[in-house]
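Asks: As input, take model-v6.pdb (PDB, C-alpha atoms and all ligand atoms):
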MODEL        1
ATOM      1  CA  MET W   1     -22.209  57.255  30.741  1.00  0.00           C
ATOM      2  CA  SER W   2     -25.616  58.366  29.572  1.00  0.00           C
ATOM      3  CA  TYR W   3     -26.316  55.311  27.443  1.00  0.00           C
ATOM      4  CA  ALA W   4     -25.051  51.734  27.470  1.00  0.00           C
ATOM      5  CA  PRO W   5     -22.115  51.544  25.043  1.00  0.00           C
ATOM      6  CA  ARG W   6     -22.161  48.450  22.848  1.00  0.00           C
ATOM      7  CA  LEU W   7     -18.846  46.623  22.985  1.00  0.00           C
ATOM      8  CA  LEU W   8     -17.595  43.712  20.895  1.00  0.00           C
ATOM      9  CA  LEU W   9     -14.964  41.609  22.671  1.00  0.00           C
ATOM     10  CA  VAL W  10     -12.897  39.346  20.413  1.00  0.00           C
ATOM     11  CA  GLU W  11     -10.782  37.124  22.651  1.00  0.00           C
ATOM     12  CA  ASP W  12     -10.028  33.402  22.384  1.00  0.00           C
ATOM     13  CA  GLU W  13      -9.048  32.746  26.026  1.00  0.00           C
ATOM     14  CA  PRO W  14     -12.317  31.623  27.661  1.00  0.00           C
ATOM     15  CA  GLY W  15     -11.267  32.674  31.173  1.00  0.00           C
ATOM     16  CA  LEU W  16     -10.293  36.188  30.158  1.00  0.00           C
ATOM     17  CA  ARG W  17     -13.366  36.511  27.942  1.00  0.00           C
ATOM     18  CA  LEU W  18     -15.623  35.610  30.854  1.00  0.00           C
ATOM     19  CA  THR W  19     -13.871  37.792  33.433  1.00  0.00           C
ATOM     20  CA  LEU W  20     -13.840  40.816  31.149  1.00  0.00           C
ATOM     21  CA  THR W  21     -17.454  40.312  30.076  1.00  0.00           C
ATOM     22  CA  ASP W  22     -18.637  40.157  33.703  1.00  0.00           C
ATOM     23  CA  ARG W  23     -16.753  43.291  34.627  1.00  0.00           C
ATOM     24  CA  LEU W  24     -17.749  45.230  31.511  1.00  0.00           C
ATOM     25  CA  VAL W  25     -21.417  44.335  31.978  1.00  0.00           C
ATOM     26  CA  SER W  26     -21.241  45.481  35.603  1.00  0.00           C
ATOM     27  CA  GLU W  27     -19.748  48.758  34.343  1.00  0.00           C
ATOM     28  CA  GLY W  28     -22.772  49.303  32.109  1.00  0.00           C
ATOM     29  CA  TYR W  29     -21.550  47.968  28.767  1.00  0.00           C
ATOM     30  CA  VAL W  30     -23.660  45.828  26.486  1.00  0.00           C
ATOM     31  CA  VAL W  31     -21.165  43.118  25.566  1.00  0.00           C
ATOM     32  CA  GLU W  32     -21.103  40.837  22.544  1.00  0.00           C
ATOM     33  CA  THR W  33     -18.288  38.290  22.346  1.00  0.00           C
ATOM     34  CA  ALA W  34     -16.449  36.335  19.680  1.00  0.00           C
ATOM     35  CA  SER W  35     -13.775  33.710  20.254  1.00  0.00           C
ATOM     36  CA  ASP W  36     -11.992  33.807  16.903  1.00  0.00           C
ATOM     37  CA  GLY W  37     -11.076  36.382  14.293  1.00  0.00           C
ATOM     38  CA  GLU W  38     -13.539  35.336  11.600  1.00  0.00           C
ATOM     39  CA  ASP W  39     -16.470  35.363  14.003  1.00  0.00           C
ATOM     40  CA  GLY W  40     -15.292  38.732  15.327  1.00  0.00           C
ATOM     41  CA  LEU W  41     -15.162  40.201  11.835  1.00  0.00           C
ATOM     42  CA  SER W  42     -18.616  38.963  10.871  1.00  0.00           C
ATOM     43  CA  ARG W  43     -20.129  40.254  14.131  1.00  0.00           C
ATOM     44  CA  ALA W  44     -18.464  43.622  13.631  1.00  0.00           C
ATOM     45  CA  MET W  45     -19.914  43.792  10.128  1.00  0.00           C
ATOM     46  CA  ALA W  46     -23.414  42.669  11.114  1.00  0.00           C
ATOM     47  CA  GLN W  47     -24.021  44.961  14.099  1.00  0.00           C
ATOM     48  CA  ALA W  48     -23.030  48.457  15.062  1.00  0.00           C
ATOM     49  CA  HIS W  49     -20.785  48.686  18.121  1.00  0.00           C
ATOM     50  CA  ASP W  50     -19.373  51.677  19.936  1.00  0.00           C
ATOM     51  CA  VAL W  51     -16.006  50.047  20.515  1.00  0.00           C
ATOM     52  CA  ILE W  52     -14.236  46.776  19.670  1.00  0.00           C
ATOM     53  CA  VAL W  53     -11.705  45.119  21.997  1.00  0.00           C
ATOM     54  CA  LEU W  54      -9.609  42.946  19.729  1.00  0.00           C
ATOM     55  CA  ASP W  55      -6.964  40.426  20.747  1.00  0.00           C
ATOM     56  CA  VAL W  56      -4.088  40.129  18.261  1.00  0.00           C
ATOM     57  CA  MET W  57      -3.336  36.419  18.692  1.00  0.00           C
ATOM     58  CA  LEU W  58      -6.562  34.733  17.594  1.00  0.00           C
ATOM     59  CA  PRO W  59      -7.435  31.490  15.841  1.00  0.00           C
ATOM     60  CA  ARG W  60      -8.700  31.494  12.231  1.00  0.00           C
ATOM     61  CA  MET W  61      -7.833  35.148  11.571  1.00  0.00           C
ATOM     62  CA  ASN W  62      -5.506  37.286  13.654  1.00  0.00           C
ATOM     63  CA  GLY W  63      -6.540  40.611  15.150  1.00  0.00           C
ATOM     64  CA  LEU W  64      -4.370  42.650  12.801  1.00  0.00           C
ATOM     65  CA  ASP W  65      -6.115  41.141   9.763  1.00  0.00           C
ATOM     66  CA  VAL W  66      -9.517  41.678  11.383  1.00  0.00           C
ATOM     67  CA  CYS W  67      -8.681  45.355  11.975  1.00  0.00           C
ATOM     68  CA  ARG W  68      -7.388  45.791   8.412  1.00  0.00           C
ATOM     69  CA  SER W  69     -10.517  44.168   6.932  1.00  0.00           C
ATOM     70  CA  LEU W  70     -12.809  46.360   9.015  1.00  0.00           C
ATOM     71  CA  ARG W  71     -11.132  49.578   7.922  1.00  0.00           C
ATOM     72  CA  GLN W  72     -11.004  48.440   4.277  1.00  0.00           C
ATOM     73  CA  ARG W  73     -14.751  47.826   4.439  1.00  0.00           C
ATOM     74  CA  GLY W  74     -15.397  51.274   5.812  1.00  0.00           C
ATOM     75  CA  VAL W  75     -16.156  50.261   9.410  1.00  0.00           C
ATOM     76  CA  GLN W  76     -14.834  53.097  11.585  1.00  0.00           C
ATOM     77  CA  THR W  77     -15.727  51.673  14.991  1.00  0.00           C
ATOM     78  CA  PRO W  78     -12.898  52.445  17.453  1.00  0.00           C
ATOM     79  CA  VAL W  79     -10.637  49.424  18.028  1.00  0.00           C
ATOM     80  CA  LEU W  80      -8.598  48.750  21.157  1.00  0.00           C
ATOM     81  CA  MET W  81      -6.003  46.037  20.523  1.00  0.00           C
ATOM     82  CA  LEU W  82      -4.777  43.542  23.108  1.00  0.00           C
ATOM     83  CA  THR W  83      -1.171  42.619  22.385  1.00  0.00           C
ATOM     84  CA  ALA W  84       1.165  40.136  24.021  1.00  0.00           C
ATOM     85  CA  ARG W  85       4.076  41.445  26.060  1.00  0.00           C
ATOM     86  CA  GLY W  86       7.146  42.180  23.998  1.00  0.00           C
ATOM     87  CA  GLN W  87       5.383  42.178  20.663  1.00  0.00           C
ATOM     88  CA  VAL W  88       6.185  45.792  19.859  1.00  0.00           C
ATOM     89  CA  ALA W  89       5.738  45.162  16.132  1.00  0.00           C
ATOM     90  CA  ASP W  90       2.073  44.247  16.695  1.00  0.00           C
ATOM     91  CA  LYS W  91       1.422  47.603  18.349  1.00  0.00           C
ATOM     92  CA  VAL W  92       3.007  49.561  15.536  1.00  0.00           C
ATOM     93  CA  VAL W  93       1.286  47.555  12.809  1.00  0.00           C
ATOM     94  CA  GLY W  94      -2.019  47.675  14.694  1.00  0.00           C
ATOM     95  CA  LEU W  95      -1.971  51.454  14.984  1.00  0.00           C
ATOM     96  CA  LYS W  96      -1.010  51.777  11.314  1.00  0.00           C
ATOM     97  CA  LEU W  97      -3.915  49.536  10.367  1.00  0.00           C
ATOM     98  CA  GLY W  98      -6.320  51.857  12.120  1.00  0.00           C
ATOM     99  CA  ALA W  99      -6.488  50.601  15.701  1.00  0.00           C
ATOM    100  CA  ASP W 100      -7.172  53.473  18.112  1.00  0.00           C
ATOM    101  CA  ASP W 101      -5.235  52.228  21.104  1.00  0.00           C
ATOM    102  CA  TYR W 102      -3.567  49.110  22.465  1.00  0.00           C
ATOM    103  CA  LEU W 103      -3.046  47.451  25.785  1.00  0.00           C
ATOM    104  CA  THR W 104      -0.295  44.955  26.597  1.00  0.00           C
ATOM    105  CA  LYS W 105      -1.228  41.684  28.291  1.00  0.00           C
ATOM    106  CA  PRO W 106      -1.354  41.065  31.192  1.00  0.00           C
ATOM    107  CA  PHE W 107      -3.254  44.193  32.174  1.00  0.00           C
ATOM    108  CA  GLU W 108      -5.436  45.328  35.044  1.00  0.00           C
ATOM    109  CA  THR W 109      -9.140  45.507  34.194  1.00  0.00           C
ATOM    110  CA  ILE W 110      -9.247  49.028  35.611  1.00  0.00           C
ATOM    111  CA  GLU W 111      -6.648  50.032  33.010  1.00  0.00           C
ATOM    112  CA  LEU W 112      -8.808  48.593  30.229  1.00  0.00           C
ATOM    113  CA  LEU W 113     -11.839  50.489  31.532  1.00  0.00           C
ATOM    114  CA  ALA W 114      -9.889  53.750  31.589  1.00  0.00           C
ATOM    115  CA  ARG W 115      -8.649  53.218  28.006  1.00  0.00           C
ATOM    116  CA  LEU W 116     -12.148  52.351  26.825  1.00  0.00           C
ATOM    117  CA  GLU W 117     -13.561  55.510  28.331  1.00  0.00           C
ATOM    118  CA  ALA W 118     -10.836  57.545  26.656  1.00  0.00           C
ATOM    119  CA  VAL W 119     -11.482  55.911  23.279  1.00  0.00           C
ATOM    120  CA  LEU W 120     -15.242  56.463  23.596  1.00  0.00           C
ATOM    121  CA  ARG W 121     -14.695  60.095  24.554  1.00  0.00           C
ATOM    122  CA  ARG W 122     -12.363  60.713  21.635  1.00  0.00           C
ATOM    123  CA  ARG W 123     -14.466  59.084  19.001  1.00  0.00           C
ATOM    124  CA  PRO W 124     -18.037  58.853  20.125  1.00  0.00           C
ATOM    125  CA  SER W 125     -19.877  56.737  17.583  1.00  0.00           C
ATOM    126  CA  GLY W 126     -22.926  55.907  19.625  1.00  0.00           C
ATOM    127  CA  PRO W 127     -26.322  57.479  19.273  1.00  0.00           C
ATOM    128  CA  GLN W 128     -25.690  61.196  19.503  1.00  0.00           C
ATOM    129  CA  PRO W 129     -28.412  63.792  19.497  1.00  0.00           C
ATOM    130  CA  GLY W 130     -28.309  65.841  16.335  1.00  0.00           C
ATOM    131  CA  SER W 131     -25.996  63.402  14.588  1.00  0.00           C
ATOM    132  CA  ASN W 132     -26.489  63.398  10.850  1.00  0.00           C
ATOM    133  CA  THR W 133     -24.636  60.176  10.229  1.00  0.00           C
ATOM    134  CA  TYR W 134     -25.907  56.666  10.738  1.00  0.00           C
ATOM    135  CA  ARG W 135     -23.495  53.720  10.805  1.00  0.00           C
ATOM    136  CA  CYS W 136     -24.166  50.028  10.963  1.00  0.00           C
ATOM    137  CA  GLY W 137     -21.490  47.523  10.036  1.00  0.00           C
ATOM    138  CA  ASP W 138     -20.196  48.640   6.663  1.00  0.00           C
ATOM    139  CA  LEU W 139     -23.243  50.815   5.923  1.00  0.00           C
ATOM    140  CA  VAL W 140     -22.827  54.574   6.446  1.00  0.00           C
ATOM    141  CA  VAL W 141     -25.630  57.035   5.779  1.00  0.00           C
ATOM    142  CA  ASP W 142     -24.848  60.751   5.827  1.00  0.00           C
ATOM    143  CA  PHE W 143     -28.229  62.468   5.985  1.00  0.00           C
ATOM    144  CA  ARG W 144     -26.830  65.966   5.702  1.00  0.00           C
ATOM    145  CA  ARG W 145     -25.113  65.245   2.408  1.00  0.00           C
ATOM    146  CA  MET W 146     -27.703  62.648   1.390  1.00  0.00           C
ATOM    147  CA  GLU W 147     -24.859  60.225   0.754  1.00  0.00           C
ATOM    148  CA  VAL W 148     -24.763  56.493   1.395  1.00  0.00           C
ATOM    149  CA  THR W 149     -21.691  54.270   1.303  1.00  0.00           C
ATOM    150  CA  ARG W 150     -21.336  50.540   1.754  1.00  0.00           C
ATOM    151  CA  ALA W 151     -17.881  49.130   2.540  1.00  0.00           C
ATOM    152  CA  GLY W 152     -16.505  52.569   1.678  1.00  0.00           C
ATOM    153  CA  VAL W 153     -18.036  52.544  -1.809  1.00  0.00           C
ATOM    154  CA  PRO W 154     -20.660  55.208  -2.654  1.00  0.00           C
ATOM    155  CA  VAL W 155     -24.148  53.800  -3.224  1.00  0.00           C
ATOM    156  CA  ASP W 156     -26.446  55.550  -5.676  1.00  0.00           C
ATOM    157  CA  LEU W 157     -29.956  55.735  -4.223  1.00  0.00           C
ATOM    158  CA  SER W 158     -33.022  57.324  -5.780  1.00  0.00           C
ATOM    159  CA  ALA W 159     -34.787  60.016  -3.747  1.00  0.00           C
ATOM    160  CA  ARG W 160     -37.516  57.504  -2.863  1.00  0.00           C
ATOM    161  CA  GLU W 161     -35.036  54.838  -1.801  1.00  0.00           C
ATOM    162  CA  LEU W 162     -33.246  57.368   0.396  1.00  0.00           C
ATOM    163  CA  LYS W 163     -36.544  58.425   1.965  1.00  0.00           C
ATOM    164  CA  LEU W 164     -37.425  54.782   2.585  1.00  0.00           C
ATOM    165  CA  LEU W 165     -34.012  54.076   4.121  1.00  0.00           C
ATOM    166  CA  LYS W 166     -34.278  57.147   6.352  1.00  0.00           C
ATOM    167  CA  HIS W 167     -37.709  56.009   7.529  1.00  0.00           C
ATOM    168  CA  PHE W 168     -36.357  52.523   8.263  1.00  0.00           C
ATOM    169  CA  ILE W 169     -33.433  53.933  10.242  1.00  0.00           C
ATOM    170  CA  GLU W 170     -35.675  56.256  12.232  1.00  0.00           C
ATOM    171  CA  HIS W 171     -37.863  53.253  13.111  1.00  0.00           C
ATOM    172  CA  ARG W 172     -35.149  50.631  13.480  1.00  0.00           C
ATOM    173  CA  GLY W 173     -36.177  47.590  15.446  1.00  0.00           C
ATOM    174  CA  GLU W 174     -39.874  48.236  14.749  1.00  0.00           C
ATOM    175  CA  THR W 175     -41.949  45.942  12.586  1.00  0.00           C
ATOM    176  CA  LEU W 176     -43.525  48.098   9.883  1.00  0.00           C
ATOM    177  CA  SER W 177     -46.480  46.942   7.800  1.00  0.00           C
ATOM    178  CA  ARG W 178     -46.525  47.512   4.048  1.00  0.00           C
ATOM    179  CA  ASP W 179     -49.583  49.744   4.465  1.00  0.00           C
ATOM    180  CA  ALA W 180     -47.863  51.872   7.109  1.00  0.00           C
ATOM    181  CA  LEU W 181     -44.748  52.203   4.947  1.00  0.00           C
ATOM    182  CA  LEU W 182     -46.864  53.178   1.966  1.00  0.00           C
ATOM    183  CA  ALA W 183     -48.673  55.832   3.993  1.00  0.00           C
ATOM    184  CA  ASP W 184     -45.538  57.228   5.671  1.00  0.00           C
ATOM    185  CA  VAL W 185     -43.017  57.103   2.833  1.00  0.00           C
ATOM    186  CA  TRP W 186     -45.231  57.552  -0.222  1.00  0.00           C
ATOM    187  CA  GLY W 187     -48.151  59.423   1.316  1.00  0.00           C
ATOM    188  CA  TYR W 188     -50.897  60.515  -0.978  1.00  0.00           C
ATOM    189  CA  GLU W 189     -48.748  60.373  -4.099  1.00  0.00           C
ATOM    190  CA  ALA W 190     -48.868  56.621  -3.990  1.00  0.00           C
ATOM    191  CA  THR W 191     -50.907  54.324  -6.109  1.00  0.00           C
ATOM    192  CA  PRO W 192     -52.383  52.302  -3.274  1.00  0.00           C
ATOM    193  CA  MET W 193     -50.427  49.137  -4.044  1.00  0.00           C
ATOM    194  CA  THR W 194     -48.388  47.436  -1.365  1.00  0.00           C
ATOM    195  CA  ARG W 195     -46.367  45.790  -4.173  1.00  0.00           C
ATOM    196  CA  THR W 196     -44.726  49.221  -4.604  1.00  0.00           C
ATOM    197  CA  VAL W 197     -43.149  48.787  -1.178  1.00  0.00           C
ATOM    198  CA  ASP W 198     -41.766  45.336  -2.046  1.00  0.00           C
ATOM    199  CA  VAL W 199     -40.249  46.600  -5.294  1.00  0.00           C
ATOM    200  CA  HIS W 200     -38.474  49.461  -3.532  1.00  0.00           C
ATOM    201  CA  VAL W 201     -37.301  47.281  -0.647  1.00  0.00           C
ATOM    202  CA  ALA W 202     -35.865  44.805  -3.173  1.00  0.00           C
ATOM    203  CA  GLY W 203     -34.073  47.671  -4.938  1.00  0.00           C
ATOM    204  CA  LEU W 204     -32.734  49.044  -1.671  1.00  0.00           C
ATOM    205  CA  ARG W 205     -31.489  45.600  -0.620  1.00  0.00           C
ATOM    206  CA  GLN W 206     -29.603  45.248  -3.901  1.00  0.00           C
ATOM    207  CA  LYS W 207     -27.732  48.417  -3.023  1.00  0.00           C
ATOM    208  CA  ILE W 208     -27.160  48.249   0.735  1.00  0.00           C
ATOM    209  CA  GLU W 209     -26.987  44.549   1.567  1.00  0.00           C
ATOM    210  CA  ALA W 210     -23.732  42.614   1.100  1.00  0.00           C
ATOM    211  CA  ASN W 211     -25.914  39.658   0.098  1.00  0.00           C
ATOM    212  CA  PRO W 212     -29.416  40.818  -0.953  1.00  0.00           C
ATOM    213  CA  LYS W 213     -30.688  37.231  -0.711  1.00  0.00           C
ATOM    214  CA  LEU W 214     -29.618  37.051   2.949  1.00  0.00           C
ATOM    215  CA  PRO W 215     -30.373  40.565   4.161  1.00  0.00           C
ATOM    216  CA  VAL W 216     -29.068  41.657   7.555  1.00  0.00           C
ATOM    217  CA  HIS W 217     -30.400  45.244   7.522  1.00  0.00           C
ATOM    218  CA  ILE W 218     -33.917  45.051   6.087  1.00  0.00           C
ATOM    219  CA  LEU W 219     -35.633  41.889   7.310  1.00  0.00           C
ATOM    220  CA  THR W 220     -38.876  40.482   5.903  1.00  0.00           C
ATOM    221  CA  ILE W 221     -41.612  39.859   8.448  1.00  0.00           C
ATOM    222  CA  HIS W 222     -43.668  37.302   6.569  1.00  0.00           C
ATOM    223  CA  GLY W 223     -47.270  38.158   5.957  1.00  0.00           C
ATOM    224  CA  PHE W 224     -46.827  41.610   7.443  1.00  0.00           C
ATOM    225  CA  GLY W 225     -44.019  43.817   6.251  1.00  0.00           C
ATOM    226  CA  TYR W 226     -40.462  44.702   7.133  1.00  0.00           C
ATOM    227  CA  LYS W 227     -38.146  45.454  10.005  1.00  0.00           C
ATOM    228  CA  PHE W 228     -34.897  47.416   9.853  1.00  0.00           C
ATOM    229  CA  ALA W 229     -32.566  45.488  12.139  1.00  0.00           C
ATOM    230  CA  GLY W 230     -29.876  48.180  12.293  1.00  0.00           C
TER
HETATM  231 CA    CA W 301      -5.226  35.216  22.202  1.00  0.00          CA
ENDMDL
END
Show me this structure written as C-alpha cells.

Replies:
Amino acid sequence: MSYAPRLLLVEDEPGLRLTLTDRLVSEGYVVETASDGEDGLSRAMAQAHDVIVLDVMLPRMNGLDVCRSLRQRGVQTPVLMLTARGQVADKVVGLKLGADDYLTKPFETIELLARLEAVLRRRPSGPQPGSNTYRCGDLVVDFRRMEVTRAGVPVDLSARELKLLKHFIEHRGETLSRDALLADVWGYEATPMTRTVDVHVAGLRQKIEANPKLPVHILTIHGFGYKFAG
C-alpha cells in the first residue's frame, strides 16, 4: 500500500476492538475506533475514512442503521460489515443498505485483512493523484463539474466561494491567515479588507457545515485566520 489507509472500526467488544486495532496498525492502517453505533456514525460523518469496519450488533444504534444513515447522507465510504454466525438476514439487509462486503464472526484476522484489501482495491476513495473529487464526511466536491453536495443535496456556491473552498481543500490542515487567503483567493481584485474573508467564510459555512455555529470543516484560528480540517 502506497499510503496509510484510514480505517474506522465500529465494534463494541473491547477485546476484539483492541486485537483488531493492534493488527491493523501493524499492517499500516491508521485506525480510529468507536464502541457504539451513534459514536461510529458521528465519527464517519466528521472525518474522511478509506474504509469502515462495522459490527451489526452494537449498542445505541445497530450497524445496519448506521450504514443506512451514512448512505442516506451521501457518505460513500466502503463498509465491511461484521455479522454474527447464522444471521443471514443481516447480510442480505446490509448489502441492500449499501455495505460493500461482510464477514461472519468468528473470523480469522488474515481473512479480514484480505477482504479489506479487496474492498480498497475495488473502490479506492483515498487520496488519488489526478482525482477530481474530494470527499469528507457528507461533503463531496466535484472539481471537474464544479459541483458540491452535502448529505447528497446539491449546494449552490458562488464562483468566489468555490474558489475559496478549493483553496482550503488544497491546503487542508494548514493554518491560513486572513491576509494570505485574501492574497491567494482574491488577488489584486480585492479591496484590501480582511473582513471580506470572514464574510465569505461565514457564507461558505452556512452552505457546507451541518451546523454552521459548530463548524467541523472550516475552523477559526482565533486572532489569525482559518484552518480547513478536512
Ligand atoms: Ca457486537

Asks: Using all atoms listed in the file, which protein or nucleic acid residues are at most 9 Å from ligand CA 301 (chain W), as a ChimeraX atom specification?

Replies: /W:10-13,35-36,55-59,62-63,82-84

Asks: Take the PyMOL selection byres (((chain W and resi 175) around 6) and not hetatm), apply it to the structure above, and return the hits as a list in words.

Replies: Glu174, Leu176, Tyr226 and Lys227 of chain W

Asks: Run the PyMOL selection byres (((chain W and resi 147) around 12) and not hetatm) against the file shown and list the residues it catches, as a ChimeraX atom specification.

Replies: /W:132-134,139-146,148-150,152-159,161-163,165-166

Asks: Write out as a PyMOL selection string which residues come within 8 Å of region 106-113 of chain W when counting only C-alpha atoms, dropping same-chain ones fewer than 5 positions away.

Replies: chain W and resi 20+23-24+84-85

Asks: How would the residues just picked look written out with C-alpha atoms as a PDB file, in the coordinates of the input?

Replies:
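Output saved as again.pdb:
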ATOM      1  CA  LEU W  20     -13.840  40.816  31.149  1.00  0.00           C
ATOM      2  CA  ARG W  23     -16.753  43.291  34.627  1.00  0.00           C
ATOM      3  CA  LEU W  24     -17.749  45.230  31.511  1.00  0.00           C
ATOM      4  CA  ALA W  84       1.165  40.136  24.021  1.00  0.00           C
ATOM      5  CA  ARG W  85       4.076  41.445  26.060  1.00  0.00           C
TER       6      ARG W  85
END

Asks: Give me the box for region 23-34 of chain W as JSON, namely the centre and edge lengths in Å to one decimal of a box along x, y and z that holds every listed atom plus 6 Å on each side.

Replies:
{"center_x": -20.1, "center_y": 42.8, "center_z": 27.6, "size_x": 19.2, "size_y": 25.0, "size_z": 27.9}

Asks: Please expand the PyMOL selection byres (((chain W and resi 38) around 8) and not hetatm) into the concrete residues it hits in this file, giving the result as a list in words.

Replies: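 Taken on the displayed file, the PyMOL selection byres (((chain W and resi 38) around 8) and not hetatm) yields the residues Asp36, Gly37, Asp39, Gly40, Leu41, Ser42, Arg60, Met61 and Val66 of chain W.
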
Asks: Export, as a short mmCIF file (atom, residue, chain, number, x, y, z; two decimals), in the coordinates of the input, the selected residues with C-alpha atoms.

Replies:
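Contents of out.cif, freshly written:
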data_model
loop_
_atom_site.label_atom_id
_atom_site.label_comp_id
_atom_site.auth_asym_id
_atom_site.auth_seq_id
_atom_site.Cartn_x
_atom_site.Cartn_y
_atom_site.Cartn_z
CA ASP W 36 -11.99 33.81 16.90
CA GLY W 37 -11.08 36.38 14.29
CA ASP W 39 -16.47 35.36 14.00
CA GLY W 40 -15.29 38.73 15.33
CA LEU W 41 -15.16 40.20 11.84
CA SER W 42 -18.62 38.96 10.87
CA ARG W 60 -8.70 31.49 12.23
CA MET W 61 -7.83 35.15 11.57
CA VAL W 66 -9.52 41.68 11.38
#

Asks: Find the spatial neighbours of Leu7 (chain W), counting all atoms listed in the file, within a cut-off of 7 Å - ignore same-chain residues fewer than 6 positions away - and output them as a VMD selection string.

Replies: chain W and resid 29 to 32 49 to 52

Asks: Would you compute the distance between CA of Ala99 (chain W) and CA of Val216 (chain W)? Give it in Å to one decimal.

Replies: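 These two atoms are separated by 25.6 Å.
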
Asks: Which residue, W:Leu181, W:Leu18, W:Ala210, W:Val92, has the smallest gap to Met193 (chain W) when you use all atoms listed in the file?

Replies: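 Of W:Leu181, W:Leu18, W:Ala210, W:Val92, the one nearest Met193 (chain W), counting all atoms listed in the file, is W:Leu181.
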
Asks: Just want the 7 Å neighbourhood of Gln47 (chain W), counted on all atoms listed in the file, with same-chain residues fewer than 6 positions away dropped. Output as a compact mmCIF listing (two decimals) with C-alpha atoms, in the frame of the given file.

Replies:
# COMPACT_ATOMS: atom_id res chain seq x y z
CA CYS W 136 -24.17 50.03 10.96
CA GLY W 137 -21.49 47.52 10.04
CA GLY W 230 -29.88 48.18 12.29

Asks: Give me, please, the distance in Å between CA of Val197 (chain W) and CA of Arg135 (chain W), quoted to one decimal.

Replies: 23.5 Å

Asks: Nearest residue to Arg172 (chain W) out of W:Leu16, W:Leu95, W:Ile218, W:Leu54, using all atoms listed in the file?

Replies: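 Closest residue, counting all atoms listed in the file: W:Ile218.
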
Asks: Can you measure CA of Arg195 (chain W) to CA of Phe224 (chain W) for me? One decimal in Å is fine.

Replies: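 Computing it gives 12.4 Å between the two atoms.
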
Asks: Let me make sure I understand: among W:Thr220, W:Thr33, W:Thr104, W:Thr194, which one has the smallest atom-to-atom distance to Pro14 (chain W) if we use all atoms listed in the file?

Replies: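 Smallest distance to Pro14 (chain W) is found for W:Thr33.
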
Asks: I'd like to know which of W:Arg115, W:Lys105, W:Arg73, W:Arg6 is closest to Val25 (chain W), using only C-alpha atoms.

Replies: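 The shortest atom-to-atom distance to Val25 (chain W) comes from W:Arg6.
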